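The file structure-v4.cif comes next; it holds mmCIF, C-alpha atoms; chains and numbers go by the auth columns.
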```
data_entry
loop_
_atom_site.group_PDB
_atom_site.id
_atom_site.type_symbol
_atom_site.label_atom_id
_atom_site.label_comp_id
_atom_site.label_asym_id
_atom_site.label_seq_id
_atom_site.Cartn_x
_atom_site.Cartn_y
_atom_site.Cartn_z
_atom_site.B_iso_or_equiv
_atom_site.auth_seq_id
_atom_site.auth_asym_id
ATOM 1 C CA MET A 1 -61.376 -78.652 59.045 0.00 1 A
ATOM 2 C CA ALA A 2 -63.794 -79.937 61.667 0.00 2 A
ATOM 3 C CA VAL A 3 -62.206 -82.459 64.005 0.00 3 A
ATOM 4 C CA LYS A 4 -63.224 -84.305 67.140 0.00 4 A
ATOM 5 C CA PRO A 5 -62.068 -83.050 70.520 0.00 5 A
ATOM 6 C CA ILE A 6 -59.159 -85.233 71.625 0.00 6 A
ATOM 7 C CA LEU A 7 -61.231 -86.536 74.542 0.00 7 A
ATOM 8 C CA ASP A 8 -63.539 -88.156 71.978 0.00 8 A
ATOM 9 C CA LEU A 9 -60.699 -90.179 70.437 0.00 9 A
ATOM 10 C CA ASP A 10 -59.823 -93.710 71.554 0.00 10 A
ATOM 11 C CA LEU A 11 -56.330 -94.899 72.526 0.00 11 A
ATOM 12 C CA LYS A 12 -55.388 -95.806 68.959 0.00 12 A
ATOM 13 C CA GLU A 13 -56.483 -92.466 67.572 0.00 13 A
ATOM 14 C CA ARG A 14 -54.887 -90.438 70.362 0.00 14 A
ATOM 15 C CA SER A 15 -51.612 -92.328 70.096 0.00 15 A
ATOM 16 C CA LEU A 16 -51.422 -91.645 66.363 0.00 16 A
ATOM 17 C CA LEU A 17 -52.404 -87.975 66.706 0.00 17 A
ATOM 18 C CA PHE A 18 -49.790 -87.253 69.363 0.00 18 A
ATOM 19 C CA ALA A 19 -47.163 -89.189 67.378 0.00 19 A
ATOM 20 C CA GLN A 20 -47.928 -86.975 64.388 0.00 20 A
ATOM 21 C CA LEU A 21 -47.663 -83.853 66.548 0.00 21 A
ATOM 22 C CA ALA A 22 -44.379 -85.054 68.078 0.00 22 A
ATOM 23 C CA GLN A 23 -43.054 -85.554 64.553 0.00 23 A
ATOM 24 C CA ILE A 24 -44.324 -82.152 63.394 0.00 24 A
ATOM 25 C CA ALA A 25 -42.451 -80.583 66.329 0.00 25 A
ATOM 26 C CA TYR A 26 -39.239 -81.151 64.329 0.00 26 A
ATOM 27 C CA ASP A 27 -40.485 -78.896 61.494 0.00 27 A
ATOM 28 C CA ASP A 28 -39.913 -75.175 61.176 0.00 28 A
ATOM 29 C CA GLU A 29 -42.799 -72.933 62.186 0.00 29 A
ATOM 30 C CA ALA A 30 -44.175 -72.375 58.673 0.00 30 A
ATOM 31 C CA GLU A 31 -44.243 -76.085 57.824 0.00 31 A
ATOM 32 C CA ALA A 32 -45.586 -77.045 61.247 0.00 32 A
ATOM 33 C CA THR A 33 -48.411 -74.516 60.916 0.00 33 A
ATOM 34 C CA LYS A 34 -49.504 -75.978 57.567 0.00 34 A
ATOM 35 C CA LYS A 35 -49.496 -79.517 58.890 0.00 35 A
ATOM 36 C CA VAL A 36 -51.320 -78.930 62.174 0.00 36 A
ATOM 37 C CA LYS A 37 -54.052 -76.931 60.485 0.00 37 A
ATOM 38 C CA ARG A 38 -54.904 -80.121 58.585 0.00 38 A
ATOM 39 C CA LEU A 39 -55.251 -81.781 61.984 0.00 39 A
ATOM 40 C CA GLY A 40 -57.635 -79.098 63.222 0.00 40 A
ATOM 41 C CA PHE A 41 -55.363 -76.769 65.216 0.00 41 A
ATOM 42 C CA THR A 42 -55.811 -73.048 64.643 0.00 42 A
ATOM 43 C CA THR A 43 -53.113 -71.558 66.885 0.00 43 A
ATOM 44 C CA VAL A 44 -49.378 -72.295 66.695 0.00 44 A
ATOM 45 C CA GLU A 45 -46.726 -70.886 69.032 0.00 45 A
ATOM 46 C CA PHE A 46 -43.046 -71.854 68.670 0.00 46 A
ATOM 47 C CA TYR A 47 -40.714 -71.645 71.678 0.00 47 A
ATOM 48 C CA ASP A 48 -36.967 -71.577 71.009 0.00 48 A
ATOM 49 C CA ILE A 49 -34.428 -70.521 73.622 0.00 49 A
ATOM 50 C CA ASP A 50 -30.771 -71.556 73.316 0.00 50 A
ATOM 51 C CA GLY A 51 -31.737 -74.678 71.370 0.00 51 A
ATOM 52 C CA ALA A 52 -34.495 -75.826 73.746 0.00 52 A
ATOM 53 C CA GLN A 53 -37.606 -76.009 71.565 0.00 53 A
ATOM 54 C CA ALA A 54 -41.310 -76.816 71.786 0.00 54 A
ATOM 55 C CA TYR A 55 -44.632 -75.943 70.179 0.00 55 A
ATOM 56 C CA ARG A 56 -48.055 -74.987 71.474 0.00 56 A
ATOM 57 C CA PHE A 57 -50.843 -76.275 69.214 0.00 57 A
ATOM 58 C CA GLN A 58 -54.317 -75.099 70.182 0.00 58 A
ATOM 59 C CA ASN A 59 -57.950 -74.969 69.069 0.00 59 A
ATOM 60 C CA LYS A 60 -61.291 -74.377 70.793 0.00 60 A
ATOM 61 C CA THR A 61 -61.202 -77.629 72.757 0.00 61 A
ATOM 62 C CA ASP A 62 -57.555 -78.600 73.239 0.00 62 A
ATOM 63 C CA MET A 63 -54.073 -77.265 73.938 0.00 63 A
ATOM 64 C CA VAL A 64 -51.097 -79.507 73.168 0.00 64 A
ATOM 65 C CA ILE A 65 -47.528 -78.770 74.200 0.00 65 A
ATOM 66 C CA ALA A 66 -45.277 -80.781 71.863 0.00 66 A
ATOM 67 C CA CYS A 67 -41.584 -80.774 72.796 0.00 67 A
ATOM 68 C CA ARG A 68 -38.918 -81.191 70.147 0.00 68 A
ATOM 69 C CA GLY A 69 -36.474 -84.059 70.545 0.00 69 A
ATOM 70 C CA THR A 70 -32.766 -84.529 69.945 0.00 70 A
ATOM 71 C CA GLN A 71 -31.394 -83.233 66.680 0.00 71 A
ATOM 72 C CA PRO A 72 -27.878 -84.552 65.892 0.00 72 A
ATOM 73 C CA THR A 73 -26.953 -81.178 64.374 0.00 73 A
ATOM 74 C CA GLU A 74 -27.874 -79.306 67.565 0.00 74 A
ATOM 75 C CA PHE A 75 -24.978 -79.380 70.032 0.00 75 A
ATOM 76 C CA ASN A 76 -27.256 -78.137 72.824 0.00 76 A
ATOM 77 C CA ASP A 77 -29.470 -81.222 72.410 0.00 77 A
ATOM 78 C CA ILE A 78 -26.505 -83.585 72.506 0.00 78 A
ATOM 79 C CA LYS A 79 -25.182 -81.911 75.660 0.00 79 A
ATOM 80 C CA ALA A 80 -28.593 -82.320 77.294 0.00 80 A
ATOM 81 C CA ASP A 81 -28.662 -86.045 76.521 0.00 81 A
ATOM 82 C CA LEU A 82 -25.170 -86.604 77.910 0.00 82 A
ATOM 83 C CA ARG A 83 -25.656 -84.568 81.105 0.00 83 A
ATOM 84 C CA ALA A 84 -26.989 -87.528 83.077 0.00 84 A
ATOM 85 C CA VAL A 85 -26.119 -86.215 86.537 0.00 85 A
ATOM 86 C CA PRO A 86 -29.181 -86.474 88.824 0.00 86 A
ATOM 87 C CA VAL A 87 -30.173 -83.180 90.467 0.00 87 A
ATOM 88 C CA MET A 88 -33.039 -82.114 92.701 0.00 88 A
ATOM 89 C CA ALA A 89 -36.218 -81.511 90.730 0.00 89 A
ATOM 90 C CA GLU A 90 -38.515 -78.501 91.028 0.00 90 A
ATOM 91 C CA THR A 91 -41.090 -80.870 92.515 0.00 91 A
ATOM 92 C CA ILE A 92 -39.897 -83.971 94.449 0.00 92 A
ATOM 93 C CA GLY A 93 -36.877 -86.250 94.063 0.00 93 A
ATOM 94 C CA ARG A 94 -34.029 -86.268 91.560 0.00 94 A
ATOM 95 C CA VAL A 95 -34.223 -85.719 87.825 0.00 95 A
ATOM 96 C CA HIS A 96 -31.765 -85.829 84.890 0.00 96 A
ATOM 97 C CA LYS A 97 -29.780 -82.555 84.924 0.00 97 A
ATOM 98 C CA GLY A 98 -29.665 -82.114 81.144 0.00 98 A
ATOM 99 C CA PHE A 99 -33.391 -82.691 80.645 0.00 99 A
ATOM 100 C CA LYS A 100 -34.234 -80.342 83.511 0.00 100 A
ATOM 101 C CA LYS A 101 -32.029 -77.591 82.055 0.00 101 A
ATOM 102 C CA GLU A 102 -33.832 -77.797 78.690 0.00 102 A
ATOM 103 C CA VAL A 103 -37.181 -77.395 80.453 0.00 103 A
ATOM 104 C CA ASP A 104 -35.871 -74.570 82.642 0.00 104 A
ATOM 105 C CA GLU A 105 -35.055 -72.589 79.476 0.00 105 A
ATOM 106 C CA LEU A 106 -38.617 -72.760 78.124 0.00 106 A
ATOM 107 C CA TRP A 107 -40.765 -73.116 81.212 0.00 107 A
ATOM 108 C CA PRO A 108 -41.431 -69.423 82.011 0.00 108 A
ATOM 109 C CA LEU A 109 -42.819 -68.834 78.494 0.00 109 A
ATOM 110 C CA VAL A 110 -44.777 -72.086 78.356 0.00 110 A
ATOM 111 C CA LEU A 111 -46.229 -71.566 81.824 0.00 111 A
ATOM 112 C CA GLU A 112 -47.247 -68.005 80.971 0.00 112 A
ATOM 113 C CA ASP A 113 -49.148 -69.169 77.894 0.00 113 A
ATOM 114 C CA ILE A 114 -50.790 -72.103 79.653 0.00 114 A
ATOM 115 C CA THR A 115 -51.915 -69.797 82.468 0.00 115 A
ATOM 116 C CA ARG A 116 -53.274 -67.197 80.053 0.00 116 A
ATOM 117 C CA GLU A 117 -54.704 -69.381 77.262 0.00 117 A
ATOM 118 C CA VAL A 118 -56.192 -72.461 78.910 0.00 118 A
ATOM 119 C CA ASN A 119 -59.781 -71.940 80.016 0.00 119 A
ATOM 120 C CA THR A 120 -62.575 -74.210 81.182 0.00 120 A
ATOM 121 C CA ASP A 121 -63.207 -75.309 77.593 0.00 121 A
ATOM 122 C CA ASN A 122 -59.608 -76.360 76.904 0.00 122 A
ATOM 123 C CA VAL A 123 -58.019 -79.672 77.805 0.00 123 A
ATOM 124 C CA LEU A 124 -54.244 -79.643 78.309 0.00 124 A
ATOM 125 C CA TRP A 125 -52.017 -82.389 76.814 0.00 125 A
ATOM 126 C CA PHE A 126 -48.264 -82.959 76.486 0.00 126 A
ATOM 127 C CA CYS A 127 -46.309 -85.059 73.992 0.00 127 A
ATOM 128 C CA GLY A 128 -42.791 -85.517 72.671 0.00 128 A
ATOM 129 C CA HIS A 129 -40.176 -87.829 71.195 0.00 129 A
ATOM 130 C CA SER A 130 -36.698 -88.628 72.534 0.00 130 A
ATOM 131 C CA LEU A 131 -35.337 -85.600 74.442 0.00 131 A
ATOM 132 C CA GLY A 132 -38.730 -84.009 73.751 0.00 132 A
ATOM 133 C CA ALA A 133 -40.406 -86.904 75.562 0.00 133 A
ATOM 134 C CA ALA A 134 -38.281 -86.249 78.651 0.00 134 A
ATOM 135 C CA MET A 135 -39.034 -82.527 78.468 0.00 135 A
ATOM 136 C CA ALA A 136 -42.776 -83.159 78.087 0.00 136 A
ATOM 137 C CA THR A 137 -42.711 -85.456 81.122 0.00 137 A
ATOM 138 C CA ILE A 138 -41.038 -82.822 83.296 0.00 138 A
ATOM 139 C CA MET A 139 -43.352 -80.061 82.091 0.00 139 A
ATOM 140 C CA ALA A 140 -46.456 -82.153 82.727 0.00 140 A
ATOM 141 C CA SER A 141 -45.278 -82.919 86.248 0.00 141 A
ATOM 142 C CA ARG A 142 -44.693 -79.219 86.952 0.00 142 A
ATOM 143 C CA CYS A 143 -48.268 -78.455 85.904 0.00 143 A
ATOM 144 C CA PHE A 144 -49.507 -81.155 88.258 0.00 144 A
ATOM 145 C CA TYR A 145 -47.840 -79.355 91.181 0.00 145 A
ATOM 146 C CA ASN A 146 -48.915 -75.851 90.145 0.00 146 A
ATOM 147 C CA ALA A 147 -52.241 -74.806 91.636 0.00 147 A
ATOM 148 C CA HIS A 148 -52.612 -71.945 89.125 0.00 148 A
ATOM 149 C CA VAL A 149 -52.848 -74.101 85.990 0.00 149 A
ATOM 150 C CA PRO A 150 -55.055 -77.088 85.113 0.00 150 A
ATOM 151 C CA ASN A 151 -53.681 -80.582 85.450 0.00 151 A
ATOM 152 C CA PRO A 152 -52.705 -82.145 82.112 0.00 152 A
ATOM 153 C CA TYR A 153 -55.228 -84.765 81.054 0.00 153 A
ATOM 154 C CA GLU A 154 -52.577 -87.100 79.620 0.00 154 A
ATOM 155 C CA LEU A 155 -48.970 -87.280 78.460 0.00 155 A
ATOM 156 C CA TYR A 156 -47.928 -89.247 75.347 0.00 156 A
ATOM 157 C CA THR A 157 -44.252 -90.016 74.725 0.00 157 A
ATOM 158 C CA TYR A 158 -42.321 -91.901 72.046 0.00 158 A
ATOM 159 C CA GLY A 159 -38.819 -93.279 72.491 0.00 159 A
ATOM 160 C CA SER A 160 -38.488 -91.657 75.896 0.00 160 A
ATOM 161 C CA PRO A 161 -35.327 -92.019 77.959 0.00 161 A
ATOM 162 C CA ARG A 162 -35.577 -92.557 81.704 0.00 162 A
ATOM 163 C CA VAL A 163 -36.152 -89.140 83.250 0.00 163 A
ATOM 164 C CA GLY A 164 -35.523 -89.412 86.979 0.00 164 A
ATOM 165 C CA TRP A 165 -35.014 -91.486 90.086 0.00 165 A
ATOM 166 C CA ARG A 166 -37.813 -93.580 91.570 0.00 166 A
ATOM 167 C CA LYS A 167 -39.010 -91.004 94.135 0.00 167 A
ATOM 168 C CA TYR A 168 -39.373 -88.400 91.389 0.00 168 A
ATOM 169 C CA VAL A 169 -41.106 -90.792 89.004 0.00 169 A
ATOM 170 C CA ASN A 170 -43.497 -92.101 91.665 0.00 170 A
ATOM 171 C CA THR A 171 -44.801 -88.593 92.378 0.00 171 A
ATOM 172 C CA LEU A 172 -45.356 -87.331 88.820 0.00 172 A
ATOM 173 C CA GLY A 173 -49.131 -87.673 89.043 0.00 173 A
ATOM 174 C CA VAL A 174 -49.899 -87.283 85.331 0.00 174 A
ATOM 175 C CA ARG A 175 -51.338 -90.175 83.290 0.00 175 A
ATOM 176 C CA HIS A 176 -48.621 -91.218 80.863 0.00 176 A
ATOM 177 C CA VAL A 177 -48.855 -93.411 77.737 0.00 177 A
ATOM 178 C CA ARG A 178 -45.241 -94.327 76.900 0.00 178 A
ATOM 179 C CA TRP A 179 -44.488 -95.912 73.519 0.00 179 A
ATOM 180 C CA VAL A 180 -41.435 -98.133 72.924 0.00 180 A
ATOM 181 C CA ASN A 181 -40.480 -99.427 69.475 0.00 181 A
ATOM 182 C CA ASN A 182 -38.662 -102.784 69.718 0.00 182 A
ATOM 183 C CA ASN A 183 -34.916 -102.062 70.100 0.00 183 A
ATOM 184 C CA ASP A 184 -35.108 -98.274 70.474 0.00 184 A
ATOM 185 C CA ILE A 185 -31.804 -97.597 72.226 0.00 185 A
ATOM 186 C CA VAL A 186 -32.884 -94.294 73.791 0.00 186 A
ATOM 187 C CA THR A 187 -35.500 -96.043 75.937 0.00 187 A
ATOM 188 C CA ARG A 188 -32.658 -97.861 77.743 0.00 188 A
ATOM 189 C CA VAL A 189 -30.789 -94.771 78.937 0.00 189 A
ATOM 190 C CA PRO A 190 -29.777 -93.388 81.371 0.00 190 A
ATOM 191 C CA LEU A 191 -28.936 -96.781 82.860 0.00 191 A
ATOM 192 C CA ALA A 192 -31.129 -98.278 85.555 0.00 192 A
ATOM 193 C CA SER A 193 -27.923 -98.984 87.492 0.00 193 A
ATOM 194 C CA MET A 194 -27.590 -95.193 87.894 0.00 194 A
ATOM 195 C CA GLY A 195 -30.927 -95.097 89.737 0.00 195 A
ATOM 196 C CA TYR A 196 -33.092 -93.979 86.803 0.00 196 A
ATOM 197 C CA VAL A 197 -36.499 -95.579 86.202 0.00 197 A
ATOM 198 C CA HIS A 198 -39.260 -95.191 83.620 0.00 198 A
ATOM 199 C CA HIS A 199 -42.648 -93.612 84.231 0.00 199 A
ATOM 200 C CA GLY A 200 -46.059 -94.357 82.783 0.00 200 A
ATOM 201 C CA VAL A 201 -47.800 -97.307 81.167 0.00 201 A
ATOM 202 C CA GLU A 202 -45.645 -98.839 78.465 0.00 202 A
ATOM 203 C CA TYR A 203 -47.030 -99.805 75.052 0.00 203 A
ATOM 204 C CA TYR A 204 -44.681 -101.932 72.964 0.00 204 A
ATOM 205 C CA MET A 205 -44.185 -102.291 69.210 0.00 205 A
ATOM 206 C CA ASN A 206 -42.543 -105.550 68.144 0.00 206 A
ATOM 207 C CA ALA A 207 -40.000 -106.217 65.389 0.00 207 A
ATOM 208 C CA TYR A 208 -42.801 -106.296 62.812 0.00 208 A
ATOM 209 C CA GLY A 209 -44.192 -102.931 63.961 0.00 209 A
ATOM 210 C CA GLN A 210 -47.198 -104.556 65.641 0.00 210 A
ATOM 211 C CA VAL A 211 -48.543 -103.411 69.019 0.00 211 A
ATOM 212 C CA ARG A 212 -48.137 -106.314 71.426 0.00 212 A
ATOM 213 C CA ASN A 213 -47.805 -107.040 75.167 0.00 213 A
ATOM 214 C CA PRO A 214 -45.003 -109.635 75.337 0.00 214 A
ATOM 215 C CA THR A 215 -43.710 -111.435 78.400 0.00 215 A
ATOM 216 C CA GLY A 216 -40.107 -110.848 79.435 0.00 216 A
ATOM 217 C CA TRP A 217 -38.750 -113.823 77.479 0.00 217 A
ATOM 218 C CA GLN A 218 -40.893 -113.027 74.446 0.00 218 A
ATOM 219 C CA ARG A 219 -39.483 -109.510 74.443 0.00 219 A
ATOM 220 C CA VAL A 220 -35.912 -110.803 74.571 0.00 220 A
ATOM 221 C CA LYS A 221 -36.589 -113.027 71.551 0.00 221 A
ATOM 222 C CA ASP A 222 -38.345 -110.199 69.745 0.00 222 A
ATOM 223 C CA ARG A 223 -35.415 -107.852 70.287 0.00 223 A
ATOM 224 C CA PHE A 224 -32.978 -110.404 68.857 0.00 224 A
ATOM 225 C CA ARG A 225 -35.370 -110.875 65.936 0.00 225 A
ATOM 226 C CA GLY A 226 -35.413 -107.123 65.336 0.00 226 A
ATOM 227 C CA MET A 227 -31.614 -106.902 65.458 0.00 227 A
ATOM 228 C CA TRP A 228 -31.294 -109.770 62.961 0.00 228 A
ATOM 229 C CA MET A 229 -33.878 -108.234 60.629 0.00 229 A
ATOM 230 C CA GLY A 230 -31.985 -104.940 60.759 0.00 230 A
ATOM 231 C CA LEU A 231 -28.605 -106.552 60.069 0.00 231 A
ATOM 232 C CA LYS A 232 -30.028 -108.294 57.005 0.00 232 A
ATOM 233 C CA GLN A 233 -30.954 -104.850 55.680 0.00 233 A
ATOM 234 C CA GLY A 234 -27.558 -103.390 56.595 0.00 234 A
ATOM 235 C CA LYS A 235 -29.044 -101.321 59.424 0.00 235 A
ATOM 236 C CA ILE A 236 -28.430 -100.958 63.152 0.00 236 A
ATOM 237 C CA ASP A 237 -31.846 -101.695 64.623 0.00 237 A
ATOM 238 C CA ASN A 238 -31.224 -99.870 67.901 0.00 238 A
ATOM 239 C CA PHE A 239 -31.006 -96.523 66.112 0.00 239 A
ATOM 240 C CA GLY A 240 -33.516 -97.174 63.326 0.00 240 A
ATOM 241 C CA ASP A 241 -36.193 -98.077 65.860 0.00 241 A
ATOM 242 C CA HIS A 242 -35.781 -94.666 67.489 0.00 242 A
ATOM 243 C CA SER A 243 -36.938 -92.835 64.358 0.00 243 A
ATOM 244 C CA MET A 244 -40.180 -90.918 64.832 0.00 244 A
ATOM 245 C CA VAL A 245 -41.072 -91.872 61.259 0.00 245 A
ATOM 246 C CA ASN A 246 -41.243 -95.527 62.325 0.00 246 A
ATOM 247 C CA TYR A 247 -43.378 -94.768 65.372 0.00 247 A
ATOM 248 C CA VAL A 248 -45.897 -92.924 63.195 0.00 248 A
ATOM 249 C CA ALA A 249 -45.911 -95.648 60.526 0.00 249 A
ATOM 250 C CA ASN A 250 -46.523 -98.392 63.091 0.00 250 A
ATOM 251 C CA LEU A 251 -49.390 -96.460 64.686 0.00 251 A
ATOM 252 C CA GLU A 252 -50.945 -95.809 61.288 0.00 252 A
ATOM 253 C CA LYS A 253 -50.981 -99.572 60.697 0.00 253 A
ATOM 254 C CA TRP A 254 -52.453 -100.172 64.163 0.00 254 A
ATOM 255 C CA ASN A 255 -55.284 -97.741 63.424 0.00 255 A
ATOM 256 C CA GLN A 256 -56.109 -99.670 60.265 0.00 256 A
ATOM 257 C CA GLU A 257 -56.450 -103.039 62.033 0.00 257 A
#
```

Whole structure given in structure tokens:
Amino acid sequence: MAVKPILDLDLKERSLLFAQLAQIAYDDEAEATKKVKRLGFTTVEFYDIDGAQAYRFQNKTDMVIACRGTQPTEFNDIKADLRAVPVMAETIGRVHKGFKKEVDELWPLVLEDITREVNTDNVLWFCGHSLGAAMATIMASRCFYNAHVPNPYELYTYGSPRVGWRKYVNTLGVRHVRWVNNNDIVTRVPLASMGYVHHGVEYYMNAYGQVRNPTGWQRVKDRFRGMWMGLKQGKIDNFGDHSMVNYVANLEKWNQE
């Protein structure tokens, strides 16, 4: 199918596209290939080393690296989330040890393909959800500091944990659109008291799934509202809000407004 280059899409359209790609990153290669072809991508490469996983989706105008997030059935993913010890990054400052290790597994293969495949007609993008969001952030920053590959145009993440300490985050360089859905618990870890901070420009979805820019007090009220709405449905809002399905659904509604 003929599709627009990603550069021709607005914020709403890009946010939805990258959310869809981050969700597709959880599929097996055959299913992912079917789905991304409908979105206009002609090349699919799956990276999988010791449970660290990502996809390369590519066409004539764009290359997207979509990192796969935490899967409860994958012990390697759970270990990565829990390994919150800060270690020196490949670039500057300190980064989450578990997230860095996941990237270290895949980076030689991803870097090789980016170096070989990206040309002057391709624009490089990164996206991911949960652990995949952290991995995409680290990968994008490594590209920024590598003179042999093009800088990523933008990074889109959904339900991202905090990735590193302030010095690391302040030197990432890449433009980052970071989506947070109401009470998504993963966006609050690792704890700020451990020195971790967020990166990028935050875009917030409220308890009703609407994209809003609340003040601090409005956000507190909205989070309590979301928790109450979840309890009435017999759900724990903090975990439900982390679902990539909900991120995609909310962005679909936003695109229809």

**OP:** Using all atoms listed in the file, determine which residues lie at most 7 Å from region 176-188 of chain A, disregarding the query and same-chain residues fewer than 5 positions distant; provide the list as a list in words.
**Re:** Ser130, Glu154, Leu155, Tyr156, Thr157, Tyr158, Gly159, Ser160, Pro161, Arg162, Gly200, Val201, Glu202, Tyr203, Tyr204, Met205, Asn206, Ala207, Arg223, Gly226, Asp237, Asn238, Phe239, Asp241, His242 and Tyr247 of chain A

**OP:** Work out how far apart CA of Val123 (chain A) and CA of Lys4 (chain A) are and give it in Å to one decimal.
**Re:**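 We find that CA of Val123 (chain A) and CA of Lys4 (chain A) lie 12.7 Å from each other.
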
Original post:
Hey, can you check how far CA of Phe41 (chain A) sits from CA of Asp104 (chain A)?
Top reply: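 Between CA of Phe41 (chain A) and CA of Asp104 (chain A) the gap is 26.2 Å.
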
Subject >> Reference answer for the PyMOL selection byres ((chain A and resi 69) around 8), as a list in words >> reply: Tyr26, Cys67, Arg68, Thr70, Gln71, Asp77, Gly128, His129, Ser130, Leu131, Gly132 and Ala133 of chain A

**OP:** Name the residues, using the chain letters and numbers of the file, that sit within 10 Å of (-58.3, -84.5, 68.8) when counting only C-alpha atoms, and give them as a VMD selection string.
**Re:** chain A and resid 3 to 10 13 to 14 17 to 18 39 to 41 59 61 to 64

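Of note, CA of Phe224 (chain A) and CA of Gly209 (chain A) are spaced 14.3 Å apart.
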
Using 4 Å of padding on each side, determine the axis-aligned box around all atoms of region 23-26 of chain A present in the file and give its centre and edge lengths in Å to one decimal, as AutoDock Vina command-line options.
```
--center_x -41.8 --center_y -83.1 --center_z 64.9 --size_x 13.1 --size_y 13.0 --size_z 10.9
```

**OP:** Translate the PyMOL selection byres ((chain A and resi 149-153) around 9), as applied to the file shown, into an explicit residue set as a list of chain:residue names.
**Re:** A:Leu111, A:Ile114, A:Thr115, A:Val118, A:Asn119, A:Thr120, A:Val123, A:Leu124, A:Trp125, A:Phe126, A:Ala140, A:Ser141, A:Cys143, A:Phe144, A:Tyr145, A:Asn146, A:Ala147, A:His148, A:Glu154, A:Leu155, A:Val174, A:Arg175

**OP:** Evaluate the PyMOL selection byres ((chain A and resi 25) around 7) here and jot the selected residues down as a ChimeraX atom specification.
**Re:** /A:21-24,26-27,32,54-55,66-68

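Considering only C-alpha atoms, the residue among A:Glu45, A:Arg116, A:Val163, A:Val36 positioned nearest to Gly98 (chain A) is A:Val163.
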
Original post:
Nearest to Leu106 (chain A) among A:Met194, A:Ala249, A:Ile49, A:Met135, with distances taken over only C-alpha atoms: which residue is it?
Top reply: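 Closest to Leu106 (chain A), using only C-alpha atoms: A:Ile49.
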
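Proximity to Pro86 (chain A) was assessed for A:Gly195, A:Val248, A:Lys253, A:Gln233 counting only C-alpha atoms; the smallest distance is recorded for A:Gly195.
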
Subject >> Given all atoms listed in the file as the counted atoms, nearest of A:Val44, A:Ile138, A:Thr171, A:Gln53 to Asp113 (chain A) >> reply: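 Once distances to Asp113 (chain A) are computed over all atoms listed in the file, the minimum belongs to A:Val44.
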
Subject >> Spatial neighbours of Arg166 (chain A), max dist 10 Å, all atoms listed in the file, sep filter under 5 positions, as number ranges by chain >> reply: A: 93-95, 171, 195-199

**OP:** Please identify all polymer residues within 9 Å of His96 (chain A), counting all atoms listed in the file, omitting same-chain residues fewer than 4 positions from it, and present them as a PyMOL selection string.
**Re:** chain A and resi 80-81+83-89+100-101+162-165+190+196

**OP:** May I ask which of the residues A:Ile65, A:Ala192, A:Ala19, A:Val211 is the closest one to Thr43 (chain A), counting all atoms listed in the file?
**Re:**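 Of all the options, A:Ile65 lies closest to Thr43 (chain A).
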